[in-house]
Amino acid sequence: MPDFPVIACGGQDGEPVAVVHRDAVVACSQAARTAGVRRRMRLRVAQSRCPGLRVVERDLAAEIRVFERAAVHLEGTVMPRLEVIRPGLLAAPARGPSRYWGGEQQLAGRLVDAVAELGWPARAGIAGTVFTAALAARRGEIVPVGGDAAWLAPYPVGVLGLPRLAELLHHLGIRTVGAYAGLPEDKVQARFGAEGMNAHRTARGLELRPLTVRTGTGEHSVAHTFEPAEQRLEPVAFVAKALAEQLHKGLEAAGVVCARLEAAVDLADGRTRSRLFRHEGRLSALAVAERVRGVLQAWTQDGTLDAGGEGGITRLVLRPEELTVATGRQSALFGDRHTPEEMERAAARVQALLGHHAVVRMETGGGRGPADQITLVPFGDLAPRRPADGPWPGRLPAPHPAATFPRWLPAELADGAGQPVTVSGRLDISAAPAHLTVEGRRTAEVTGWAGPWPTLEQWWDREHARRIARLQITTADGHAWLLVIEHGRWWAEAHYG
């Protein structure tokens with residue numbers, strides 16, 4: 001369901017609405033997009049492009065409650081078993097329902113019509129993998145059997161959802177999913193690690209995890225019985241979080257991960273209700289508890305939990321499905337020591353609250369500039385391999401700067417006559433530097449300088465090629481700077497202290 005966070009917050013047709021989280025747009029209405037608003041855009045930029053924009057802070061719990069209406073309706077009218085990937089996106093096996101409804105095209109149409117009965121827009125796509133089907137749903141297409149890889153091939157590598165990998169592939173001249181899928185598996189494994197291999201499987205139209213391993217056996221399930229029956233939702237959500245932590249520990253001890261997680265409740269009147277979530281080993285204990293709470297709130301509001309019988313929940317069960325062997329995880333946060341279990345849980349909680357990139361660690365590697373040699377890797381992810389020993393033509397020698405700036409600061413470098421200092425294509429300095437001005441600081445007299453050091457990056461790519469030169473400068477006020485000249489303009493890249 002396109003723009004579902006906008007639907008969940010009550011956005012009206014034709015109204016420019018942006019749903020934001022941590023000062024960034026996570027979803028926007030069609031009217032807002034027409035005015036130039038885009039996902040991941042900073043709120044200030046979005047408001048400058050659309051002055052009449054209505055801004056709503058994201059409420060994930062509300063989205064889960066509202067979306068449950070669609071899940072229940074589809075289960076009752078189209079197909080009996082669904083997986084909730086996120087509010088606004090459902091997945092389900094298509095083979096059986098398509099036979100019942102007379103074909104895949106008829107099934108897709110029935111799904112769209114069923115959601116339209118609730119007054120919401122929807123699109124449906126069918127493919128051989130969940131990833132391809134999600135993309136196909138955006139375009140309302142049906143991918144031929146066995147055609148996932150060919151259908152994905154024209155997409156840019158950024159669609160794989162790994163920004164660091166996409167950036168690295170761009171540097172290597174690999175810009176489409178098809179080009180990445182064509183790389184040899186052994187080379188991908190050696191160069192990009194487990195994360196790159198998972199993306200490579202996705203690019204080749206294969207499921208990230210096999211889907212036929214120990215499904216529905218009840219193994220590793222965890223449960224809690226309420227005596228007497230619990231009428232309130234908060235105690236149930238609290239128990240759900242404790243059960244999720246217990247479940248994660250059990251799966252970790254067994255060396256497996258689950259692709260799906262079923263949350264089921266037994267009611268005091270003898271009925272049982274359940275909801276299936278896509279897990280893929282990514283949902284933290286807190287995320288599981290949030291989903292259970294949201295679904296229970298939705299069932300309470302529509303009267304499901306109190307339908308003509310005794311009220312209350314007598315039992316809560318979390319049941320993992322489609323268990324597969326764990327491929328490993330990043331366990332070192334500082335150096336080579338094993339990360340304490342308490343730290344892992346704390347990091348997972350922060351990521352669940354603030355986002356996956358809220359907890360990062362620094363990894364050193366190769367690069368020409370000082371900022372290129374440090375990579376911030378989200379906790380739990382594998383670091384991209386960038387060998388420090390190069391070769392890295394144009395890399396600066398030690399000592400290294402004490403601080404690099406998130407963005408280069410404008411600077412002016414002048415000679416004794418007050419004229420700008422330039423560097424020719426043959427690395428000739430027009431005159432000896434005499435005065436330096438960096439944004440936010442007073443002009444200072446230059447007491448020493450070294451360089452320039454040239455760098456020619458991505459010379460094989462005319463569109464992304466970049467030619468710069470670096471210069472080290474010391475000034476009379478006791479500071480030392482690393483300057484960069486690009487297209488005749490000076491910038492301060494780093495500060496030595």
# chains A, B, ... in the order shown; residues from 1 in each chain; ligands from 1
>>> residues_around(residues="segment 312-316 of chain A", least_positions_apart="6", cutoff="12 Å", atoms="only C-alpha atoms", output="PyMOL selection string")
chain A and resi 221-244+262-275+289+292-293+296+299-300+303-306
>>> closest_residue(among="A:Arg278, A:Arg42, A:His220, A:Arg164", to="Ala92 of chain A", atoms="only C-alpha atoms")
A:Arg278
>>> closest_residue(among="A:Val66, A:Trp120, A:Met362, A:Gly103", to="Gln12 of chain A", atoms="only C-alpha atoms")
A:Trp120
>>> residues_around(residues="Glu219 of chain A", least_positions_apart="6", cutoff="10 Å", atoms="only C-alpha atoms", output="list in words")
Leu251, Arg319, Pro320, Glu321 and Leu323 of chain A
>>> residues_around(residues="Arg95 of chain A", least_positions_apart="3", cutoff="10 Å", atoms="only C-alpha atoms", output="PyMOL selection string")
chain A and resi 92+98-100+103-104+107+126
>>> residues_around(residues="Gly448 of chain A", least_positions_apart="4", cutoff="8 Å", atoms="only C-alpha atoms", output="mmCIF file with N, CA, C and O atoms, in the first residue's frame")
data_model
loop_
_atom_site.group_PDB
_atom_site.id
_atom_site.type_symbol
_atom_site.label_atom_id
_atom_site.label_comp_id
_atom_site.auth_asym_id
_atom_site.auth_seq_id
_atom_site.Cartn_x
_atom_site.Cartn_y
_atom_site.Cartn_z
ATOM 1 N N ILE A 473 49.452 23.091 5.577
ATOM 2 C CA ILE A 473 49.754 24.479 5.911
ATOM 3 C C ILE A 473 49.877 24.624 7.423
ATOM 4 O O ILE A 473 49.047 24.089 8.178
ATOM 5 N N THR A 474 50.890 25.341 7.893
ATOM 6 C CA THR A 474 50.978 25.763 9.291
ATOM 7 C C THR A 474 50.873 27.274 9.339
ATOM 8 O O THR A 474 51.365 27.979 8.440
ATOM 9 N N THR A 475 50.216 27.791 10.386
ATOM 10 C CA THR A 475 50.004 29.233 10.498
ATOM 11 C C THR A 475 50.576 29.771 11.797
ATOM 12 O O THR A 475 50.860 29.013 12.743
#
>>> residues_around(residues="Ala137 of chain A", least_positions_apart="4", cutoff="7 Å", atoms="only C-alpha atoms", output="ChimeraX atom specification")
/A:123-125,133,141
>>> closest_residue(among="A:Gly88, A:Val317, A:Ala153, A:Ala194", to="Arg138 of chain A", atoms="only C-alpha atoms")
A:Gly88
>>> select_by_dssp(residues="segment 100-333 of chain A", states="strand (DSSP E)", output="ChimeraX atom specification")
/A:222-230,256-267,272-278,313-325
>>> closest_residue(among="A:Glu15, A:Glu83, A:Glu68, A:Glu493", to="Phe277 of chain A", atoms="only C-alpha atoms")
A:Glu83
>>> residues_around(residues="segment 1-10 of chain A", least_positions_apart="4", cutoff="6 Å", atoms="only C-alpha atoms", output="number ranges by chain")
A: 27, 63, 88, 122
>>> atom_distance(atom1="atom CA of Val377 of chain A", atom2="atom CA of Gly161 of chain A")
14.6 Å
>>> atom_distance(atom1="atom CA of Ile429 of chain A", atom2="atom CA of Leu456 of chain A")
17.8 Å
>>> closest_residue(among="A:Trp481, A:Arg407, A:Asp415, A:Ala450", to="Val438 of chain A", atoms="only C-alpha atoms")
A:Trp481
>>> closest_residue(among="A:Val20, A:Ala61, A:Ile142, A:Val360", to="Ala298 of chain A", atoms="only C-alpha atoms")
A:Ala61
>>> select_by_dssp(residues="segment 93-228 of chain A", states="alpha helix (DSSP H)", output="count of residues only")
68
>>> decode(residues="segment 74-87 of chain A", atoms="all heavy atoms", output="tab-separated table (two decimals), in the first residue's frame")
chain	number	residue	atom	x	y	z
A	74	LEU	N	-7.95	-9.18	4.36
A	74	LEU	CA	-7.42	-10.02	3.29
A	74	LEU	C	-7.44	-11.50	3.69
A	74	LEU	O	-7.72	-12.37	2.85
A	74	LEU	CB	-6.00	-9.59	2.94
A	74	LEU	CG	-5.86	-8.24	2.22
A	74	LEU	CD1	-4.40	-7.88	2.04
A	74	LEU	CD2	-6.57	-8.28	0.88
A	75	GLU	N	-7.15	-11.78	4.95
A	75	GLU	CA	-7.20	-13.17	5.41
A	75	GLU	C	-8.62	-13.74	5.33
A	75	GLU	O	-8.81	-14.92	5.06
A	75	GLU	CB	-6.68	-13.28	6.84
A	75	GLU	CG	-5.18	-13.21	6.96
A	75	GLU	CD	-4.70	-13.36	8.39
A	75	GLU	OE1	-5.45	-12.97	9.31
A	75	GLU	OE2	-3.57	-13.85	8.59
A	76	GLY	N	-9.61	-12.89	5.53
A	76	GLY	CA	-10.99	-13.36	5.51
A	76	GLY	C	-11.61	-13.43	4.14
A	76	GLY	O	-12.61	-14.14	3.96
A	77	THR	N	-11.03	-12.72	3.16
A	77	THR	CA	-11.68	-12.63	1.85
A	77	THR	C	-10.86	-13.17	0.69
A	77	THR	O	-11.42	-13.53	-0.35
A	77	THR	CB	-12.05	-11.17	1.53
A	77	THR	OG1	-10.85	-10.37	1.54
A	77	THR	CG2	-13.03	-10.62	2.56
A	78	VAL	N	-9.51	-13.22	0.83
A	78	VAL	CA	-8.69	-13.59	-0.32
A	78	VAL	C	-7.82	-14.80	-0.05
A	78	VAL	O	-7.88	-15.80	-0.75
A	78	VAL	CB	-7.81	-12.40	-0.78
A	78	VAL	CG1	-7.03	-12.78	-2.04
A	78	VAL	CG2	-8.67	-11.17	-1.04
A	79	MET	N	-6.97	-14.74	0.95
A	79	MET	CA	-6.04	-15.84	1.24
A	79	MET	C	-5.87	-15.98	2.75
A	79	MET	O	-5.89	-14.98	3.47
A	79	MET	CB	-4.69	-15.60	0.56
A	79	MET	CG	-4.06	-14.25	0.84
A	79	MET	SD	-2.42	-14.05	0.06
A	79	MET	CE	-2.81	-14.37	-1.65
A	80	PRO	N	-5.69	-17.19	3.24
A	80	PRO	CA	-5.77	-17.41	4.70
A	80	PRO	C	-4.51	-17.11	5.48
A	80	PRO	O	-4.58	-16.96	6.69
A	80	PRO	CB	-6.11	-18.90	4.79
A	80	PRO	CG	-5.47	-19.50	3.57
A	80	PRO	CD	-5.59	-18.46	2.49
A	81	ARG	N	-3.34	-17.06	4.84
A	81	ARG	CA	-2.10	-16.94	5.62
A	81	ARG	C	-1.21	-15.87	5.02
A	81	ARG	O	-0.75	-16.01	3.88
A	81	ARG	CB	-1.37	-18.29	5.67
A	81	ARG	CG	-0.22	-18.34	6.64
A	81	ARG	CD	0.22	-19.78	6.84
A	81	ARG	NE	1.40	-19.91	7.66
A	81	ARG	CZ	1.40	-19.91	8.99
A	81	ARG	NH1	0.27	-19.72	9.63
A	81	ARG	NH2	2.52	-20.08	9.68
A	82	LEU	N	-0.94	-14.83	5.79
A	82	LEU	CA	-0.15	-13.69	5.33
A	82	LEU	C	1.04	-13.47	6.24
A	82	LEU	O	1.02	-13.82	7.42
A	82	LEU	CB	-1.00	-12.42	5.31
A	82	LEU	CG	-2.28	-12.44	4.48
A	82	LEU	CD1	-3.11	-11.21	4.76
A	82	LEU	CD2	-1.95	-12.52	2.99
A	83	GLU	N	2.08	-12.84	5.70
A	83	GLU	CA	3.24	-12.41	6.48
A	83	GLU	C	3.31	-10.89	6.44
A	83	GLU	O	3.29	-10.29	5.37
A	83	GLU	CB	4.53	-12.99	5.90
A	83	GLU	CG	4.59	-14.49	5.88
A	83	GLU	CD	5.88	-14.98	5.24
A	83	GLU	OE1	6.84	-14.19	5.20
A	83	GLU	OE2	5.91	-16.13	4.77
A	84	VAL	N	3.39	-10.28	7.60
A	84	VAL	CA	3.54	-8.82	7.67
A	84	VAL	C	5.03	-8.49	7.63
A	84	VAL	O	5.76	-8.82	8.57
A	84	VAL	CB	2.89	-8.26	8.95
A	84	VAL	CG1	3.12	-6.75	9.03
A	84	VAL	CG2	1.41	-8.58	8.97
A	85	ILE	N	5.47	-7.87	6.56
A	85	ILE	CA	6.86	-7.44	6.47
A	85	ILE	C	7.04	-6.12	7.21
A	85	ILE	O	7.97	-5.94	7.99
A	85	ILE	CB	7.28	-7.30	5.00
A	85	ILE	CG1	7.19	-8.67	4.31
A	85	ILE	CG2	8.69	-6.74	4.88
A	85	ILE	CD1	7.53	-8.65	2.85
A	86	ARG	N	6.14	-5.20	6.99
A	86	ARG	CA	6.08	-3.93	7.70
A	86	ARG	C	4.70	-3.35	7.44
A	86	ARG	O	4.00	-3.80	6.52
A	86	ARG	CB	7.17	-2.96	7.22
A	86	ARG	CG	7.12	-2.66	5.73
A	86	ARG	CD	8.08	-1.56	5.34
A	86	ARG	NE	8.22	-1.41	3.92
A	86	ARG	CZ	7.36	-0.81	3.11
A	86	ARG	NH1	6.23	-0.30	3.63
A	86	ARG	NH2	7.57	-0.71	1.81
A	87	PRO	N	4.25	-2.38	8.23
A	87	PRO	CA	2.96	-1.77	7.93
A	87	PRO	C	2.94	-1.19	6.51
A	87	PRO	O	3.77	-0.36	6.15
A	87	PRO	CB	2.84	-0.65	8.98
A	87	PRO	CG	3.68	-1.14	10.12
A	87	PRO	CD	4.83	-1.86	9.49
